[in-house]
Structure formats: C-alpha cells, structure tokens
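Below: work07.cif (mmCIF, C-alpha atoms)
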data_model
#
loop_
_atom_site.group_PDB
_atom_site.id
_atom_site.type_symbol
_atom_site.label_atom_id
_atom_site.label_comp_id
_atom_site.auth_asym_id
_atom_site.auth_seq_id
_atom_site.Cartn_x
_atom_site.Cartn_y
_atom_site.Cartn_z
ATOM 1 C CA MET A 1 89.716 44.546 97.746
ATOM 2 C CA ARG A 2 89.977 42.588 100.989
ATOM 3 C CA VAL A 3 90.304 38.795 100.778
ATOM 4 C CA SER A 4 89.225 36.592 103.670
ATOM 5 C CA LYS A 5 91.582 33.984 105.108
ATOM 6 C CA SER A 6 89.349 31.133 103.868
ATOM 7 C CA GLY A 7 89.130 32.728 100.410
ATOM 8 C CA LEU A 8 92.908 33.004 100.262
ATOM 9 C CA LEU A 9 93.308 29.369 101.320
ATOM 10 C CA LEU A 10 90.839 28.243 98.651
ATOM 11 C CA LEU A 11 92.702 30.274 96.017
ATOM 12 C CA LEU A 12 96.032 28.736 97.083
ATOM 13 C CA PHE A 13 94.474 25.272 96.999
ATOM 14 C CA PHE A 14 93.284 25.667 93.402
ATOM 15 C CA MET A 15 96.607 27.158 92.359
ATOM 16 C CA SER A 16 98.399 24.137 93.847
ATOM 17 C CA LEU A 17 96.168 21.803 91.815
ATOM 18 C CA SER A 18 97.581 23.288 88.644
ATOM 19 C CA LEU A 19 101.023 22.100 89.758
ATOM 20 C CA LEU A 20 99.912 18.461 89.901
ATOM 21 C CA PRO A 21 101.120 16.316 87.015
ATOM 22 C CA ALA A 22 98.550 15.696 84.300
ATOM 23 C CA GLN A 23 96.978 12.286 84.660
ATOM 24 C CA SER A 24 94.233 10.365 83.037
ATOM 25 C CA PRO A 25 91.238 10.051 85.350
ATOM 26 C CA GLY A 26 91.275 6.994 87.581
ATOM 27 C CA GLU A 27 88.720 4.267 87.330
ATOM 28 C CA ILE A 28 86.674 2.756 90.107
ATOM 29 C CA ALA A 29 86.726 -0.916 89.257
ATOM 30 C CA GLY A 30 85.960 -4.086 91.138
ATOM 31 C CA PRO A 31 83.354 -4.700 93.820
ATOM 32 C CA ALA A 32 85.576 -3.813 96.802
ATOM 33 C CA GLU A 33 87.216 -0.788 95.197
ATOM 34 C CA PRO A 34 84.744 1.867 96.415
ATOM 35 C CA VAL A 35 85.233 0.634 99.975
ATOM 36 C CA SER A 36 88.973 1.245 99.677
ATOM 37 C CA LEU A 37 88.331 4.874 98.678
ATOM 38 C CA VAL A 38 86.898 5.671 102.097
ATOM 39 C CA GLY A 39 89.746 6.884 104.276
ATOM 40 C CA ILE A 40 92.164 7.962 101.544
ATOM 41 C CA THR A 41 93.977 11.255 102.046
ATOM 42 C CA LEU A 42 93.571 14.324 99.848
ATOM 43 C CA ASP A 43 97.001 13.624 98.397
ATOM 44 C CA GLU A 44 95.919 10.105 97.407
ATOM 45 C CA LEU A 45 92.649 11.434 95.957
ATOM 46 C CA PHE A 46 94.472 13.991 93.781
ATOM 47 C CA ARG A 47 97.129 11.524 92.654
ATOM 48 C CA ARG A 48 94.514 8.984 91.656
ATOM 49 C CA PHE A 49 91.887 11.213 90.043
ATOM 50 C CA GLY A 50 93.637 14.551 89.370
ATOM 51 C CA ALA A 51 91.868 17.861 89.834
ATOM 52 C CA PRO A 52 88.126 17.647 90.593
ATOM 53 C CA ARG A 53 85.458 18.986 88.223
ATOM 54 C CA SER A 54 84.156 21.095 91.065
ATOM 55 C CA VAL A 55 84.443 21.628 94.793
ATOM 56 C CA SER A 56 81.546 22.624 97.003
ATOM 57 C CA ALA A 57 80.574 22.874 100.636
ATOM 58 C CA VAL A 58 77.674 20.881 102.013
ATOM 59 C CA ARG A 59 76.135 22.273 105.181
ATOM 60 C CA GLY A 60 75.124 19.721 107.807
ATOM 61 C CA LEU A 61 72.488 20.148 110.490
ATOM 62 C CA GLN A 62 75.278 21.057 112.897
ATOM 63 C CA GLU A 63 78.591 22.807 112.211
ATOM 64 C CA TRP A 64 80.666 19.661 112.782
ATOM 65 C CA GLN A 65 78.658 17.970 110.000
ATOM 66 C CA ASP A 66 79.837 20.389 107.300
ATOM 67 C CA ASP A 67 81.746 18.778 104.438
ATOM 68 C CA VAL A 68 83.812 19.744 101.450
ATOM 69 C CA VAL A 69 82.773 17.698 98.416
ATOM 70 C CA PHE A 70 85.127 17.025 95.508
ATOM 71 C CA GLU A 71 83.139 16.103 92.408
ATOM 72 C CA TYR A 72 84.671 13.787 89.814
ATOM 73 C CA ALA A 73 83.159 11.872 86.907
ATOM 74 C CA GLN A 74 83.665 8.737 89.016
ATOM 75 C CA GLY A 75 81.731 10.066 92.003
ATOM 76 C CA ASP A 76 81.569 12.587 94.802
ATOM 77 C CA PHE A 77 84.149 12.465 97.582
ATOM 78 C CA TYR A 78 83.133 13.934 100.945
ATOM 79 C CA VAL A 79 86.135 15.137 102.921
ATOM 80 C CA TYR A 80 86.496 15.797 106.625
ATOM 81 C CA LYS A 81 89.803 17.402 107.581
ATOM 82 C CA ASP A 82 92.230 15.635 105.235
ATOM 83 C CA ARG A 83 90.455 12.322 104.505
ATOM 84 C CA VAL A 84 87.549 11.014 102.461
ATOM 85 C CA TRP A 85 84.881 9.796 104.862
ATOM 86 C CA GLN A 86 82.109 9.178 102.317
ATOM 87 C CA VAL A 87 81.773 8.529 98.588
ATOM 88 C CA GLY A 88 78.640 9.063 96.521
ATOM 89 C CA LEU A 89 78.504 6.827 93.458
ATOM 90 C CA LYS A 90 76.216 5.802 90.612
ATOM 91 C CA GLU A 91 77.501 2.220 90.748
ATOM 92 C CA ALA A 92 79.018 0.146 93.546
ATOM 93 C CA MET A 93 79.039 -3.327 95.030
ATOM 94 C CA GLY A 94 76.889 -4.853 92.298
ATOM 95 C CA LEU A 95 74.271 -2.088 92.402
ATOM 96 C CA ARG A 96 73.741 0.872 90.113
ATOM 97 C CA ALA A 97 71.596 3.960 89.783
ATOM 98 C CA GLY A 98 68.231 3.007 88.320
ATOM 99 C CA ASP A 99 68.025 -0.405 90.025
ATOM 100 C CA SER A 100 64.673 -1.089 91.672
ATOM 101 C CA ARG A 101 64.118 -1.545 95.402
ATOM 102 C CA ALA A 102 63.575 -5.253 94.685
ATOM 103 C CA VAL A 103 66.976 -5.550 92.995
ATOM 104 C CA VAL A 104 68.628 -3.805 95.957
ATOM 105 C CA SER A 105 66.881 -6.092 98.445
ATOM 106 C CA LEU A 106 67.838 -9.171 96.440
ATOM 107 C CA ALA A 107 71.480 -8.070 96.088
ATOM 108 C CA LEU A 108 71.921 -7.184 99.761
ATOM 109 C CA GLY A 109 69.798 -10.006 101.161
ATOM 110 C CA SER A 110 68.862 -10.259 104.803
ATOM 111 C CA ARG A 111 71.567 -7.761 105.791
ATOM 112 C CA ALA A 112 69.545 -4.939 104.212
ATOM 113 C CA ALA A 113 67.450 -2.627 106.364
ATOM 114 C CA GLU A 114 64.971 -0.145 104.902
ATOM 115 C CA GLN A 115 64.283 3.232 106.447
ATOM 116 C CA HIS A 116 62.098 5.781 104.657
ATOM 117 C CA ASP A 117 63.466 6.100 101.103
ATOM 118 C CA SER A 118 66.834 4.474 101.810
ATOM 119 C CA VAL A 119 68.209 0.954 102.099
ATOM 120 C CA PHE A 120 71.160 0.397 104.452
ATOM 121 C CA CYS A 121 73.652 -2.443 104.700
ATOM 122 C CA ALA A 122 76.668 -2.742 107.009
ATOM 123 C CA ILE A 123 79.971 -3.379 105.225
ATOM 124 C CA ASP A 124 82.394 -5.729 106.920
ATOM 125 C CA GLU A 125 85.378 -4.811 104.729
ATOM 126 C CA GLY A 126 87.883 -2.068 105.428
ATOM 127 C CA SER A 127 89.647 -0.558 108.394
ATOM 128 C CA TRP A 128 86.628 1.258 109.828
ATOM 129 C CA PRO A 129 82.997 0.440 110.484
ATOM 130 C CA MET A 130 81.222 1.321 107.242
ATOM 131 C CA MET A 131 77.763 1.393 105.742
ATOM 132 C CA LEU A 132 76.312 1.244 102.250
ATOM 133 C CA ARG A 133 73.219 3.385 101.720
ATOM 134 C CA CYS A 134 71.076 3.436 98.591
ATOM 135 C CA ASP A 135 68.829 6.486 98.380
ATOM 136 C CA LEU A 136 65.713 5.780 96.349
ATOM 137 C CA ASP A 137 63.746 8.211 94.215
ATOM 138 C CA LYS A 138 59.930 8.562 94.173
ATOM 139 C CA LEU A 139 59.657 5.570 91.846
ATOM 140 C CA GLY A 140 61.611 3.346 94.246
ATOM 141 C CA ARG A 141 64.741 3.252 92.084
ATOM 142 C CA VAL A 142 68.312 3.897 93.220
ATOM 143 C CA ALA A 143 69.197 7.557 92.789
ATOM 144 C CA VAL A 144 72.635 7.446 94.450
ATOM 145 C CA ILE A 145 74.763 4.999 96.416
ATOM 146 C CA PHE A 146 76.796 6.127 99.407
ATOM 147 C CA ILE A 147 79.575 4.256 101.161
ATOM 148 C CA TYR A 148 80.650 5.920 104.364
ATOM 149 C CA ARG A 149 82.336 5.569 107.702
ATOM 150 C CA THR A 150 79.854 5.261 110.550
ATOM 151 C CA ASP A 151 82.325 6.379 113.214
ATOM 152 C CA VAL A 152 82.882 9.912 111.899
#
Do you think you could lay out the structure here as structure tokens?
Amino acid sequence: MRVSKSGLLLLLFFMSLSLLPAQSPGEIAGPAEPVSLVGITLDELFRRFGAPRSVSAVRGLQEWQDDVVFEYAQGDFYVYKDRVWQVGLKEAMGLRAGDSRAVVSLALGSRAAEQHDSVFCAIDEGSWPMMLRCDLDKLGRVAVIFIYRTDV
C-alpha cells in the first residue's frame, strides 16, 4: 500500500498528539477571552485544549483560502500555517447561539453592520485587525459566532 506524503504527515501529527500530557479541557471564559484565541500557535492550542475531537479541511473558493479546522467542545479553531486565524463559537462577547437579530443589534449597537444573513462588528482589541460575525439562521437567530483576523 502506498501512502501519500500528506497522509503520512497527518498520521505523524495524530501520533504526536498521543504524546501530549493528559489535560482537562480548557474553558473559554470572560468577554475578551475569545479574542485572545485568535493568533495562538498550534502548540498553544494543544496545550490549552488537548487533542481535538476531530480535524477537517474546509475548502475555500480559492486554494489560498483552504483551512484546517480543529473541533473542540469549546469551539472550532481555523488554522492557517501554524496559527489560529478564526474561531467559531456558540457564545462570545455577550452573545450566544439562539439570540435574535434584535438582541445582536442591541448588544453591538451602532458599530454593527448587517449584510445578508450576517451581522458584522469590528473588534478593537488584540494585536491584529479583527471582526466579529454572527451568522443568522432562517428565523433570524444566531447560528454561530465567528471572531477572525481581517488581514489574513
């Protein structure tokens, strides 16, 4: 059986995860905490949260937009090269999945901008320019919250 180079690398990656010390899963607490997760290295991600529940690839419209996503109970971490550039969460910055569009607008105030089924808000915290995006379902309720770097 012939194994591709990427398949071998993925196998080695998962084998190395088994060498990590056992830890209790980390918590995402505090309003600014999710912002601090953007930009952490893979090493920091694994130390904080341990091995992910699953790892998948997400294909972008163009090749450079492809991501590897590490799924944890706390959220999904989108990685480019060796750093988290985006997190997908059910709760962040005073908002949570299930909140109505009105709650999102009230919480974000005049800084919020709506586009299609999403509400955007620039985040002034952190080392990089960042954005909060709430994707809304057909009922106008928050389905997922993303915090991401806008310069990647």
| Neighbours of Leu37 (chain A) within 12 Å (all atoms listed in the file; same-chain residues fewer than 3 positions away dropped), as a VMD selection string? | chain A and resid 26 to 34 40 to 42 44 to 45 48 to 49 74 to 79 83 to 89 92 125 to 128 130 146 to 149
| said: I need the output of the PyMOL selection byres ((chain A and resi 112) around 12) for this file as an MDAnalysis selection string; which residues are they? | reply: chainID A and resid 101:111 113:115 118:123 131:134
Selection export as a compact mmCIF listing (two decimals), in the frame of the given file, atoms kept: C-alpha atoms:
# COMPACT_ATOMS: atom_id res chain seq x y z
CA ARG A 101 64.12 -1.54 95.40
CA ALA A 102 63.58 -5.25 94.68
CA VAL A 103 66.98 -5.55 93.00
CA VAL A 104 68.63 -3.80 95.96
CA SER A 105 66.88 -6.09 98.44
CA LEU A 106 67.84 -9.17 96.44
CA ALA A 107 71.48 -8.07 96.09
CA LEU A 108 71.92 -7.18 99.76
CA GLY A 109 69.80 -10.01 101.16
CA SER A 110 68.86 -10.26 104.80
CA ARG A 111 71.57 -7.76 105.79
CA ALA A 113 67.45 -2.63 106.36
CA GLU A 114 64.97 -0.14 104.90
CA GLN A 115 64.28 3.23 106.45
CA SER A 118 66.83 4.47 101.81
CA VAL A 119 68.21 0.95 102.10
CA PHE A 120 71.16 0.40 104.45
CA CYS A 121 73.65 -2.44 104.70
CA ALA A 122 76.67 -2.74 107.01
CA ILE A 123 79.97 -3.38 105.22
CA MET A 131 77.76 1.39 105.74
CA LEU A 132 76.31 1.24 102.25
CA ARG A 133 73.22 3.38 101.72
CA CYS A 134 71.08 3.44 98.59
| Which residues fall under the PyMOL selection byres ((chain A and resi 68) around 8) in this file, as a ChimeraX atom specification? | /A:55-58,66-67,69-70,78-80
| field | Counting only C-alpha atoms, the residue of A:Asp151, A:Ser100, A:Trp64, A:Leu95 that sits nearest Leu136 (chain A) | value | A:Ser100
| remark: In Å and to one decimal, CA of Asp82 (chain A) is distant from CA of Gln65 (chain A) by 14.6 Å
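CA of Arg59 (chain A) lies 24.0 Å from CA of Val35 (chain A).
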